[in-house]
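Structure data follow from final-v6.csv (CSV, C-alpha atoms and all ligand atoms):
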```
chain,number,residue,atom,x,y,z
A,18,MET,CA,-11.2,-29.4,6.2
A,19,LYS,CA,-7.5,-30.3,5.7
A,20,ILE,CA,-5.7,-27.2,4.4
A,21,TYR,CA,-2.1,-27.0,3.4
A,22,LEU,CA,-0.2,-23.9,4.3
A,23,ALA,CA,2.5,-22.9,1.8
A,24,SER,CA,5.0,-21.8,4.4
A,25,GLY,CA,7.7,-23.1,6.7
A,26,ASN,CA,7.3,-20.1,9.1
A,27,ALA,CA,6.2,-21.5,12.5
A,28,HIS,CA,4.9,-18.0,13.6
A,29,LYS,CA,2.7,-17.6,10.5
A,30,ARG,CA,1.4,-21.1,11.1
A,31,GLY,CA,0.5,-20.4,14.7
A,32,GLU,CA,-1.3,-17.1,13.8
A,33,ILE,CA,-3.2,-18.7,11.0
A,34,SER,CA,-4.0,-22.0,12.8
A,35,ARG,CA,-5.5,-20.2,15.8
A,36,ILE,CA,-8.0,-18.4,13.6
A,37,LEU,CA,-8.8,-21.2,11.2
A,38,TYR,CA,-9.4,-23.7,14.0
A,39,PRO,CA,-11.0,-26.4,13.8
A,40,HIS,CA,-9.7,-26.7,10.2
A,41,THR,CA,-6.4,-28.6,10.2
A,42,ILE,CA,-3.4,-26.7,9.0
A,43,THR,CA,-0.6,-28.8,7.6
A,44,ILE,CA,2.7,-27.4,6.3
A,45,PRO,CA,4.8,-29.2,3.7
A,46,SER,CA,7.6,-30.2,6.1
A,47,ASP,CA,5.0,-32.1,8.3
A,48,GLU,CA,4.7,-34.6,5.5
A,49,HIS,CA,8.3,-34.3,4.2
A,50,ILE,CA,7.1,-32.6,1.1
A,51,ALA,CA,9.9,-30.7,-0.7
A,52,PHE,CA,8.5,-27.2,-1.2
A,53,ASP,CA,10.7,-24.2,-2.1
A,54,PRO,CA,8.9,-22.1,-4.8
A,55,GLU,CA,10.6,-19.1,-6.4
A,56,GLU,CA,8.8,-16.0,-5.5
A,57,THR,CA,9.2,-14.2,-8.9
A,58,ALA,CA,6.1,-11.9,-9.0
A,59,ASP,CA,6.2,-8.2,-8.4
A,60,SER,CA,3.3,-8.1,-5.8
A,61,PHE,CA,2.2,-9.7,-2.6
A,62,PHE,CA,-0.8,-11.2,-4.5
A,63,GLY,CA,1.4,-12.6,-7.3
A,64,ASN,CA,3.8,-14.3,-4.9
A,65,ALA,CA,0.9,-15.7,-2.7
A,66,LEU,CA,-0.7,-17.1,-5.9
A,67,ILE,CA,2.5,-18.7,-7.0
A,68,LYS,CA,3.0,-20.5,-3.6
A,69,ALA,CA,-0.7,-21.6,-3.1
A,70,LYS,CA,-1.1,-22.9,-6.7
A,71,GLN,CA,2.2,-24.8,-6.6
A,72,LEU,CA,1.3,-26.5,-3.3
A,73,PHE,CA,-2.2,-27.3,-4.5
A,74,GLU,CA,-0.7,-28.9,-7.6
A,75,ILE,CA,1.6,-31.1,-5.4
A,76,THR,CA,-0.9,-32.2,-2.9
A,77,GLY,CA,-4.3,-32.0,-4.6
A,78,PHE,CA,-5.7,-30.5,-1.4
A,79,PRO,CA,-6.8,-26.9,-0.8
A,80,ALA,CA,-3.8,-24.7,-0.2
A,81,VAL,CA,-3.4,-21.4,1.5
A,82,ALA,CA,-0.4,-19.1,1.0
A,83,ASP,CA,0.5,-15.9,2.8
A,84,ASP,CA,2.8,-13.4,1.3
A,85,SER,CA,3.5,-10.5,3.6
A,86,GLY,CA,5.9,-7.7,4.5
A,87,ILE,CA,6.4,-4.2,5.8
A,88,CYS,CA,6.2,-1.1,3.6
A,89,VAL,CA,7.7,2.2,4.7
A,90,ASP,CA,6.4,5.3,3.1
A,91,ALA,CA,9.7,7.3,3.3
A,92,LEU,CA,11.5,4.4,1.6
A,93,ASN,CA,8.9,4.4,-1.3
A,94,GLY,CA,7.3,1.2,0.1
A,95,GLU,CA,10.5,-0.7,0.7
A,96,PRO,CA,11.3,-3.4,1.8
A,97,GLY,CA,7.8,-4.5,0.7
A,98,ILE,CA,7.8,-7.9,-1.1
A,99,TYR,CA,11.5,-8.2,-0.3
A,100,SER,CA,11.0,-8.0,3.5
A,101,ALA,CA,12.2,-11.5,4.2
A,102,ARG,CA,15.3,-11.0,2.0
A,103,TYR,CA,16.0,-7.3,3.0
A,104,GLY,CA,19.8,-6.7,3.0
A,105,ALA,CA,20.6,-10.4,2.2
A,106,GLU,CA,23.1,-9.4,-0.4
A,107,THR,CA,25.1,-7.4,2.2
A,108,GLY,CA,24.8,-10.1,4.9
A,109,ALA,CA,21.6,-9.2,6.9
A,110,GLY,CA,20.8,-12.8,7.5
A,111,ASP,CA,18.3,-12.8,10.4
A,112,ASP,CA,15.4,-10.7,11.9
A,113,LYS,CA,17.7,-8.7,14.2
A,114,ALA,CA,20.1,-7.8,11.3
A,115,ARG,CA,17.2,-6.8,9.0
A,116,ASN,CA,15.7,-4.7,11.8
A,117,ARG,CA,19.0,-2.9,12.4
A,118,LEU,CA,19.3,-2.3,8.6
A,119,LEU,CA,15.8,-0.8,8.4
A,120,LEU,CA,16.4,1.5,11.3
A,121,SER,CA,19.8,2.6,9.9
A,122,ASN,CA,18.2,3.3,6.5
A,123,MET,CA,15.6,5.5,8.3
A,124,GLU,CA,18.1,7.4,10.5
A,125,GLY,CA,17.3,11.1,10.6
A,126,ILE,CA,14.0,10.7,8.7
A,127,THR,CA,11.0,12.1,10.6
A,128,GLU,CA,8.2,10.8,8.3
A,129,ARG,CA,7.9,7.3,9.8
A,130,LYS,CA,4.5,6.0,8.6
A,131,CYS,CA,4.6,2.3,7.7
A,132,ARG,CA,2.3,-0.6,7.3
A,133,PHE,CA,2.3,-4.4,7.4
A,134,ILE,CA,0.6,-6.0,4.4
A,135,CYS,CA,-0.6,-9.5,4.1
A,136,ASN,CA,-2.0,-11.1,1.0
A,137,MET,CA,-3.6,-14.6,1.4
A,138,VAL,CA,-4.6,-16.8,-1.4
A,139,LEU,CA,-6.7,-19.9,-0.9
A,140,TYR,CA,-6.2,-22.2,-3.9
A,141,TYR,CA,-9.3,-24.4,-3.4
A,142,ASP,CA,-9.5,-26.3,-6.7
A,143,THR,CA,-8.3,-26.2,-10.2
A,144,ASP,CA,-9.4,-22.8,-11.5
A,145,ARG,CA,-11.1,-21.9,-8.1
A,146,PHE,CA,-9.0,-19.5,-6.0
A,147,TYR,CA,-9.6,-16.6,-3.6
A,148,SER,CA,-7.5,-13.7,-2.4
A,149,VAL,CA,-7.7,-11.3,0.5
A,150,GLN,CA,-5.3,-8.5,1.2
A,151,GLU,CA,-5.2,-6.6,4.5
A,152,THR,CA,-3.0,-4.0,6.3
A,153,LEU,CA,-1.9,-2.9,9.7
A,154,GLU,CA,-0.9,0.8,9.9
A,155,GLY,CA,1.8,1.9,12.3
A,156,ILE,CA,4.8,4.2,13.0
A,157,LEU,CA,8.4,3.0,12.7
A,158,VAL,CA,10.2,3.4,16.0
A,159,THR,CA,13.8,4.6,16.3
A,160,GLU,CA,14.6,1.7,18.7
A,161,GLY,CA,13.0,-1.7,18.7
A,162,ARG,CA,10.8,-2.7,21.7
A,163,GLY,CA,9.2,-6.0,22.8
A,164,THR,CA,9.9,-9.7,22.5
A,165,GLY,CA,6.6,-11.1,21.1
A,166,GLY,CA,5.7,-12.0,17.5
A,167,PHE,CA,8.4,-12.1,14.9
A,168,GLY,CA,10.2,-10.2,12.1
A,169,TYR,CA,9.7,-6.5,12.2
A,170,ASP,CA,7.2,-6.5,15.0
A,171,PRO,CA,9.5,-4.7,17.5
A,172,LEU,CA,9.8,-1.8,15.1
A,173,VAL,CA,6.2,-1.0,14.5
A,174,TYR,CA,4.4,1.3,17.1
A,175,LEU,CA,0.6,1.3,17.3
A,176,PRO,CA,-0.6,4.6,18.8
A,177,GLU,CA,-4.0,3.1,19.6
A,178,TYR,CA,-2.4,0.4,21.9
A,179,GLY,CA,0.6,2.6,23.1
A,180,LYS,CA,2.8,-0.5,22.2
A,181,THR,CA,4.8,-2.0,19.5
A,182,VAL,CA,3.4,-5.1,17.8
A,183,ALA,CA,6.0,-7.1,19.6
A,184,GLU,CA,4.6,-5.9,22.9
A,185,LEU,CA,1.1,-7.1,22.1
A,186,THR,CA,-0.3,-10.4,23.5
A,187,PRO,CA,-0.9,-13.0,20.7
A,188,GLU,CA,-4.6,-12.3,21.1
A,189,GLU,CA,-4.1,-8.6,20.7
A,190,LYS,CA,-2.0,-9.1,17.6
A,191,ASP,CA,-4.5,-11.5,16.0
A,192,ALA,CA,-7.3,-8.9,16.6
A,193,CYS,CA,-5.6,-6.0,14.8
A,194,SER,CA,-2.9,-7.5,12.5
A,195,HIS,CA,-2.8,-7.6,8.7
A,196,ARG,CA,-2.7,-11.4,8.9
A,197,GLY,CA,-5.5,-11.7,11.5
A,198,LYS,CA,-7.8,-9.6,9.4
A,199,ALA,CA,-7.0,-11.4,6.2
A,200,VAL,CA,-7.4,-14.9,7.7
A,201,ARG,CA,-10.8,-14.0,9.3
A,202,LYS,CA,-12.0,-12.9,5.9
A,203,LEU,CA,-10.7,-16.0,4.3
A,204,ALA,CA,-12.4,-18.1,7.0
A,205,CYS,CA,-15.7,-16.5,5.9
A,206,ILE,CA,-15.1,-17.6,2.3
A,207,ILE,CA,-14.1,-21.1,3.5
A,208,GLU,CA,-17.4,-21.5,5.2
A,209,THR,CA,-19.3,-20.9,1.9
A,210,LEU,CA,-17.3,-23.4,-0.1
A,211,GLN,CA,-18.6,-26.8,-1.3
B,1,LIG,P1,7.3,-14.1,3.2
B,1,LIG,O1,7.5,-15.4,4.0
B,1,LIG,O2,8.0,-14.1,1.9
B,1,LIG,O3,5.9,-13.7,3.1
B,1,LIG,O4,8.0,-13.0,4.0
B,1,LIG,C1,7.4,-12.3,5.0
B,1,LIG,C2,8.4,-11.4,5.8
B,1,LIG,O5,7.8,-10.2,6.1
B,1,LIG,C3,8.8,-12.1,7.1
B,1,LIG,O6,10.0,-12.8,7.0
B,1,LIG,C4,8.9,-10.8,8.0
B,1,LIG,O7,10.2,-10.3,7.9
B,1,LIG,C5,8.0,-9.8,7.4
B,1,LIG,N1,6.6,-10.0,8.1
B,1,LIG,C6,5.5,-10.5,7.6
B,1,LIG,N2,4.5,-10.5,8.5
B,1,LIG,C7,5.0,-10.0,9.6
B,1,LIG,C8,4.5,-9.8,10.9
B,1,LIG,O8,3.3,-10.1,11.2
B,1,LIG,N3,5.3,-9.3,11.8
B,1,LIG,C9,6.6,-9.0,11.5
B,1,LIG,N4,7.2,-9.2,10.3
B,1,LIG,C10,6.4,-9.7,9.4
```
For the structure just supplied, provide its representation as structure tokens.
Ligand code: IMP
Amino acid sequence: MKIYLASGNAHKRGEISRILYPHTITIPSDEHIAFDPEETADSFFGNALIKAKQLFEITGFPAVADDSGICVDALNGEPGIYSARYGAETGAGDDKARNRLLLSNMEGITERKCRFICNMVLYYDTDRFYSVQETLEGILVTEGRGTGGFGYDPLVYLPEYGKTVAELTPEEKDACSHRGKAVRKLACIIETLQ
């Protein structure tokens, strides 16, 4: 099946395509489709729904959207749905700057539980859509480690692997990640659709 992915993030595309193979994953820029929806909802689900619905309405094809982020308990769940924009108003413009900001906001705090959350919506047809939300629990490090993955991966330590998410192989990350778990559940739904 041809499925549009409501994202320009090459890392997300890679992680989702690997699991949804042999379905073809197309992102708007592959077909020069202008796509820049405003994420105005107050939840991962709400924002994923906005993106998937809008892309379905533009293309007429099934569309998947992923809205994800990192939630830190000691910061009352921040940055949460604002993970991609964390610190933007004070100039934190890239992954490294966002990671530095998060570590500095956690300085001296010993309670370091956090989780990645991924909500995925498949907008299959007018009035037919499906949502899955999954998590990956971890501990926020005091100093980033590893070069794999993207975003906040170097900051999240997984005791069961003895590694940060950025130190996992792509296969290891797919097996345990919030996104991997959500896409595999979505894949089961896709197989039932007609
Ligand atoms: P979105 O594109 O609005 O869903 O923003 C997602 C943001 O959350 C990304 O830009 C990352 O900062 C963060 N994020 C989501 N998933 C991951 C992940 O798997 N690893 C690291 N950071 C992630």
Check your understanding: So which residues are near ligand LIG 1 (chain B), meaning at most 10 Å away with only C-alpha atoms and all ligand atoms counted, given back as a PyMOL selection string?
Key -> chain A and resi 23-26+28-29+32+56+61+64-65+68+82-88+96-103+111-113+115-116+133-137+153+165-173+182-183+190-191+194-197
Revision key, fill the gap. Separating CA of Tyr147 in chain A from CA of Lys70 in chain A, to the nearest tenth of an Å, is a gap of 11.0 Å
Practice item. Please measure the separation of CA of Asp142 in chain A and CA of Asp59 in chain A, giving the value in Å to one decimal. Key: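 CA of Asp59 in chain A lies 24.0 Å from CA of Asp142 in chain A.
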Exercise for review: Compare A:Leu37, A:Leu22, A:Ala51, A:Cys131 by their minimum atom-to-atom distance to Ala204 in chain A, counting only C-alpha atoms, and give me the closest one.
Suggested key: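 So, comparing all the options, the nearest one is A:Leu37.
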Review point. What gap, in Å, lies between CA of Phe52 in chain A and CA of Ile33 in chain A?
Key: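 Taking CA of Phe52 in chain A and CA of Ile33 in chain A, their separation equals 18.9 Å.
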Practice item. Quick one: residues within 9 Å of (8.1, -19.6, -8.9) (file frame), counting all atoms listed in the file, please, as a VMD selection string. Key: chain A and resid 53 to 58 64 67 to 68 71
Exercise for review: Please tell me which residues are no farther than 10 Å from (-13.5, -26.4, 9.4) in the file, counting all atoms listed in the file, and write them as number ranges by chain.
Suggested key: A: 18-20, 37-41, 204, 207-208
Would you write out those residues with C-alpha atoms, as a CSV table (one decimal), keeping the file's coordinate frame?
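Written file, part-v8.csv:
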```csv
chain,number,residue,atom,x,y,z
A,18,MET,CA,-11.2,-29.4,6.2
A,19,LYS,CA,-7.5,-30.3,5.7
A,20,ILE,CA,-5.7,-27.2,4.4
A,37,LEU,CA,-8.8,-21.2,11.2
A,38,TYR,CA,-9.4,-23.7,14.0
A,39,PRO,CA,-11.0,-26.4,13.8
A,40,HIS,CA,-9.7,-26.7,10.2
A,41,THR,CA,-6.4,-28.6,10.2
A,204,ALA,CA,-12.4,-18.1,7.0
A,207,ILE,CA,-14.1,-21.1,3.5
A,208,GLU,CA,-17.4,-21.5,5.2
```
Check your understanding: Of the candidates A:Thr152, A:Met123, A:Leu175, A:Thr181, which one gets nearest to Leu92 in chain A if we count only C-alpha atoms?
Key ->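 Checking each candidate against Leu92 in chain A, we get A:Met123 as the closest.
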Review point. Looking at A:Arg35, A:Lys202, A:Arg117, A:Arg145, which one is nearest to Glu188 in chain A, with distances taken over only C-alpha atoms?
Key: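 Nearest to Glu188 in chain A: A:Arg35.
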Review point. Using all atoms listed in the file, which residue out of A:Thr186, A:Gln150, A:Leu66, A:Ile42 lies closest to Thr164 in chain A?
Key: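 Closest residue, counting all atoms listed in the file: A:Thr186.
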